[in-house]
file work_22.tsv (TSV, C-alpha atoms)
chain	number	residue	atom	x	y	z
A	1	MET	CA	108.82	104.02	89.46
A	2	LYS	CA	110.87	107.20	89.25
A	3	ILE	CA	107.90	109.37	90.13
A	4	VAL	CA	106.98	107.12	93.05
A	5	ALA	CA	110.53	107.30	94.37
A	6	ILE	CA	110.60	111.08	94.07
A	7	VAL	CA	107.20	111.55	95.73
A	8	LEU	CA	108.00	109.13	98.57
A	9	GLY	CA	111.43	110.67	99.08
A	10	LEU	CA	110.19	114.25	99.17
A	11	ALA	CA	107.27	113.38	101.46
A	12	GLY	CA	109.55	111.41	103.80
A	13	ALA	CA	112.24	114.06	103.91
A	14	GLY	CA	109.72	116.84	104.45
A	15	LEU	CA	107.96	114.95	107.23
A	16	LEU	CA	111.26	114.09	108.91
A	17	VAL	CA	112.39	117.72	108.79
A	18	PHE	CA	109.02	118.81	110.19
A	19	ALA	CA	109.28	116.28	113.04
A	20	ILE	CA	112.81	117.45	113.89
A	21	VAL	CA	111.82	121.14	113.76
A	22	LEU	CA	108.75	120.43	115.90
A	23	GLY	CA	110.95	118.64	118.45
A	24	ILE	CA	113.46	121.49	118.50
A	25	TRP	CA	110.64	124.02	118.88
A	26	ALA	CA	109.31	122.04	121.85
A	27	GLY	CA	112.62	122.26	123.70
A	28	MET	CA	114.70	119.37	122.41
A	29	PRO	CA	118.39	120.02	121.63
A	30	ALA	CA	119.03	122.37	118.72
A	31	ASN	CA	121.28	119.85	116.96
A	32	PRO	CA	119.07	118.08	114.39
A	33	LEU	CA	120.96	114.77	114.64
A	34	THR	CA	120.64	114.77	118.42
A	35	THR	CA	116.95	115.52	118.13
A	36	LEU	CA	116.52	112.70	115.59
A	37	GLY	CA	118.30	110.35	117.98
A	38	ILE	CA	116.00	111.36	120.81
A	39	LEU	CA	112.95	110.92	118.57
A	40	THR	CA	114.00	107.39	117.65
A	41	VAL	CA	115.32	106.19	121.01
A	42	GLN	CA	112.76	107.64	123.42
A	43	THR	CA	109.70	106.44	121.53
A	44	SER	CA	107.11	103.78	122.31
A	45	SER	CA	107.79	100.07	122.03
A	46	VAL	CA	105.63	99.73	118.94
A	47	SER	CA	107.47	102.55	117.21
A	48	LYS	CA	110.82	101.04	118.16
A	49	LEU	CA	109.73	97.71	116.68
A	50	ALA	CA	108.60	99.47	113.49
A	51	LEU	CA	111.90	101.37	113.27
A	52	MET	CA	113.86	98.14	113.70
A	53	LEU	CA	111.79	96.46	110.97
A	54	LEU	CA	112.34	99.46	108.69
A	55	ALA	CA	116.09	99.28	109.32
A	56	MET	CA	116.07	95.57	108.47
A	57	GLN	CA	114.09	96.29	105.32
A	58	ALA	CA	116.61	98.93	104.27
A	59	ILE	CA	119.46	96.48	104.82
A	60	VAL	CA	117.69	93.77	102.80
A	61	ILE	CA	116.98	96.27	100.04
A	62	LEU	CA	120.62	97.28	99.85
A	63	ILE	CA	121.89	93.70	100.04
A	64	THR	CA	119.62	92.50	97.23
A	65	ALA	CA	119.72	95.44	94.83
A	66	VAL	CA	123.18	97.00	95.03
A	67	PRO	CA	125.19	93.92	93.94
A	68	ARG	CA	122.93	93.52	90.90
A	69	LEU	CA	123.42	97.18	90.03
A	70	ILE	CA	127.18	96.89	90.34
A	71	LYS	CA	127.31	93.79	88.13
A	72	ARG	CA	124.64	95.22	85.79
A	73	GLN	CA	122.70	91.98	86.04
A	74	SER	CA	119.01	91.94	85.37
A	75	GLU	CA	118.12	88.59	86.89
A	76	GLY	CA	114.70	88.59	88.47
A	77	ASP	CA	112.00	91.16	88.06
A	78	GLY	CA	112.61	93.18	91.21
A	79	SER	CA	109.30	92.17	92.75
A	80	LEU	CA	110.89	92.09	96.22
A	81	LEU	CA	111.79	95.76	95.80
A	82	THR	CA	108.25	96.51	94.68
A	83	VAL	CA	106.89	94.84	97.80
A	84	PHE	CA	109.30	96.78	100.02
A	85	SER	CA	108.36	100.06	98.33
A	86	LEU	CA	104.79	99.42	99.50
A	87	VAL	CA	105.36	97.66	102.84
A	88	ALA	CA	107.78	100.20	104.32
A	89	PRO	CA	105.43	103.22	104.10
A	90	GLY	CA	102.56	101.05	105.33
A	91	LEU	CA	104.54	99.90	108.34
A	92	GLY	CA	105.56	103.46	109.13
A	93	LEU	CA	101.96	104.62	108.78
A	94	ALA	CA	100.69	101.91	111.11
A	95	ALA	CA	103.28	102.75	113.77
A	96	SER	CA	102.54	106.48	113.44
A	97	LEU	CA	98.81	105.92	113.76
A	98	LEU	CA	99.27	103.83	116.90
A	99	ALA	CA	101.61	106.41	118.40
A	100	GLY	CA	99.24	109.21	117.46
A	101	LEU	CA	96.38	107.33	119.07
A	102	SER	CA	98.32	107.02	122.31
A	103	VAL	CA	99.03	110.78	122.19
A	104	LEU	CA	95.32	111.43	121.69
A	105	ILE	CA	94.40	109.18	124.62
A	106	ALA	CA	96.96	110.91	126.83
A	107	MET	CA	95.56	114.31	125.81
A	108	GLN	CA	92.06	113.22	126.74
A	109	GLN	CA	93.10	111.75	130.08
A	110	THR	CA	95.13	114.78	131.14
A	111	HIS	CA	92.86	117.42	129.52
A	112	THR	CA	95.95	118.96	127.89
A	113	THR	CA	95.73	120.86	124.62
A	114	ASN	CA	98.90	122.90	124.96
A	115	LEU	CA	101.04	122.28	121.88
A	116	MET	CA	104.27	122.82	123.80
A	117	VAL	CA	103.35	119.84	125.98
A	118	ILE	CA	102.32	117.43	123.24
A	119	ALA	CA	104.76	118.52	120.50
A	120	PRO	CA	107.55	116.07	121.46
A	121	SER	CA	105.07	113.19	121.40
A	122	LEU	CA	103.70	114.30	118.04
A	123	ALA	CA	107.22	114.51	116.64
A	124	GLU	CA	107.93	110.99	117.92
A	125	ALA	CA	104.70	109.79	116.31
A	126	MET	CA	105.65	111.25	112.91
A	127	THR	CA	109.16	109.78	112.83
A	128	PRO	CA	108.24	106.18	111.85
A	129	LEU	CA	106.09	107.41	108.97
A	130	ALA	CA	108.87	109.67	107.69
A	131	LEU	CA	111.45	106.89	107.87
A	132	GLY	CA	109.00	104.44	106.28
A	133	LEU	CA	108.49	106.81	103.37
A	134	LEU	CA	112.26	107.19	102.95
A	135	VAL	CA	112.82	103.41	102.96
A	136	GLY	CA	109.99	103.07	100.44
A	137	ALA	CA	111.63	105.72	98.27
A	138	LEU	CA	114.93	103.83	98.43
A	139	ALA	CA	113.20	100.62	97.34
A	140	ALA	CA	111.31	102.36	94.53
A	141	ALA	CA	114.45	104.10	93.25
A	142	LEU	CA	116.49	100.90	93.27
A	143	ARG	CA	113.57	99.05	91.64
A	144	GLY	CA	113.69	101.56	88.82
A	145	MET	CA	117.46	101.11	88.46
A	146	VAL	CA	117.24	97.32	88.48
A	147	ALA	CA	114.44	97.34	85.92
A	148	LEU	CA	116.36	99.71	83.66
A	149	PRO	CA	118.76	97.05	82.22
A	150	GLN	CA	115.74	94.81	81.53
A	151	ARG	CA	114.01	97.53	79.52
A	152	HIS	CA	117.13	98.13	77.43
A	153	ALA	CA	117.65	94.39	76.89
A	154	SER	CA	114.11	93.90	75.61
A	155	ARG	CA	114.49	96.53	72.87

call {"tool": "encode", "arguments": {"input": "work_22.tsv", "output": "structure tokens"}}
result
Amino acid sequence: MKIVAIVLGLAGAGLLVFAIVLGIWAGMPANPLTTLGILTVQTSSVSKLALMLLAMQAIVILITAVPRLIKRQSEGDGSLLTVFSLVAPGLGLAASLLAGLSVLIAMQQTHTTNLMVIAPSLAEAMTPLALGLLVGALAAALRGMVALPQRHASR
């Protein structure tokens, strides 16, 4: 699971940085945190729902895994973390595809192909996928840490 966590984390971080840079290039504020806030607040309803579900998943991941890591308990097999490491990127991908489809429909209706015009919408469409990959990386990393005491106990 270490490789999965690293790949998901790097892909999510890279995509999030790209979305922020694309938003800044298109005229959003130069502060990356402000741009990230704009990308998450001024997005479509479906993307907002996906972002809220991703935030809830991250909270559940932290609530279930961190106490076990602190106590060094190995109860359970961490299957909930495995599910979250798969569901979070899938949810982010679904929200990004729907947002990207709405951008494509808007481009066709307005006959606009200027990147400066559609860049903020593209950045907003990429944000749920990036955050989904990061939540999946968190789940995969914690899954590897929770499973580590079990591997040592079985030897």

call {"tool": "residues_around", "arguments": {"input": "work_22.tsv", "residues": "A:Glu124", "least_positions_apart": "5", "cutoff": "10 Å", "atoms": "all atoms listed in the file", "output": "PyMOL selection string"}}
result
chain A and resi 19-20+22-23+36+38-44+47+96+99-100+103+119+129

call {"tool": "atom_distance", "arguments": {"input": "work_22.tsv", "atom1": "atom CA of A:Thr127", "atom2": "atom CA of A:Leu15"}}
result
7.7 Å

call {"tool": "atom_distance", "arguments": {"input": "work_22.tsv", "atom1": "atom CA of A:Arg143", "atom2": "atom CA of A:Thr82"}}
result
6.6 Å

call {"tool": "residues_around", "arguments": {"input": "work_22.tsv", "residues": "A:Leu138", "least_positions_apart": "6", "cutoff": "10 Å", "atoms": "all atoms listed in the file", "output": "tab-separated table (two decimals) with C-alpha atoms, keeping the file's coordinate frame"}}
result
chain	number	residue	atom	x	y	z
A	5	ALA	CA	110.53	107.30	94.37
A	6	ILE	CA	110.60	111.08	94.07
A	8	LEU	CA	108.00	109.13	98.57
A	9	GLY	CA	111.43	110.67	99.08
A	58	ALA	CA	116.61	98.93	104.27
A	61	ILE	CA	116.98	96.27	100.04
A	62	LEU	CA	120.62	97.28	99.85
A	81	LEU	CA	111.79	95.76	95.80
A	84	PHE	CA	109.30	96.78	100.02
A	85	SER	CA	108.36	100.06	98.33
A	88	ALA	CA	107.78	100.20	104.32
A	132	GLY	CA	109.00	104.44	106.28
A	144	GLY	CA	113.69	101.56	88.82

call {"tool": "closest_residue", "arguments": {"input": "work_22.tsv", "among": "A:Ile105, A:Ser121, A:Ala65, A:Thr35", "to": "A:Ala141", "atoms": "all atoms listed in the file"}}
result
A:Ala65

call {"tool": "closest_residue", "arguments": {"input": "work_22.tsv", "among": "A:Ile3, A:Met116, A:Ala139, A:Met145", "to": "A:Ile24", "atoms": "only C-alpha atoms"}}
result
A:Met116

call {"tool": "residues_around", "arguments": {"input": "work_22.tsv", "residues": "A:Leu51", "least_positions_apart": "6", "cutoff": "8 Å", "atoms": "all atoms listed in the file", "output": "ChimeraX atom specification"}}
result
/A:40,92,128,131

call {"tool": "atom_distance", "arguments": {"input": "work_22.tsv", "atom1": "atom CA of A:Asn114", "atom2": "atom CA of A:Gly37"}}
result
24.1 Å

call {"tool": "residues_around", "arguments": {"input": "work_22.tsv", "residues": "A:Leu10", "least_positions_apart": "4", "cutoff": "10 Å", "atoms": "all atoms listed in the file", "output": "ChimeraX atom specification"}}
result
/A:4-6,14-16,130,133-134,137

call {"tool": "closest_residue", "arguments": {"input": "work_22.tsv", "among": "A:Val117, A:Met126, A:Gly136, A:Ala11", "to": "A:Met28", "atoms": "all atoms listed in the file"}}
result
A:Val117
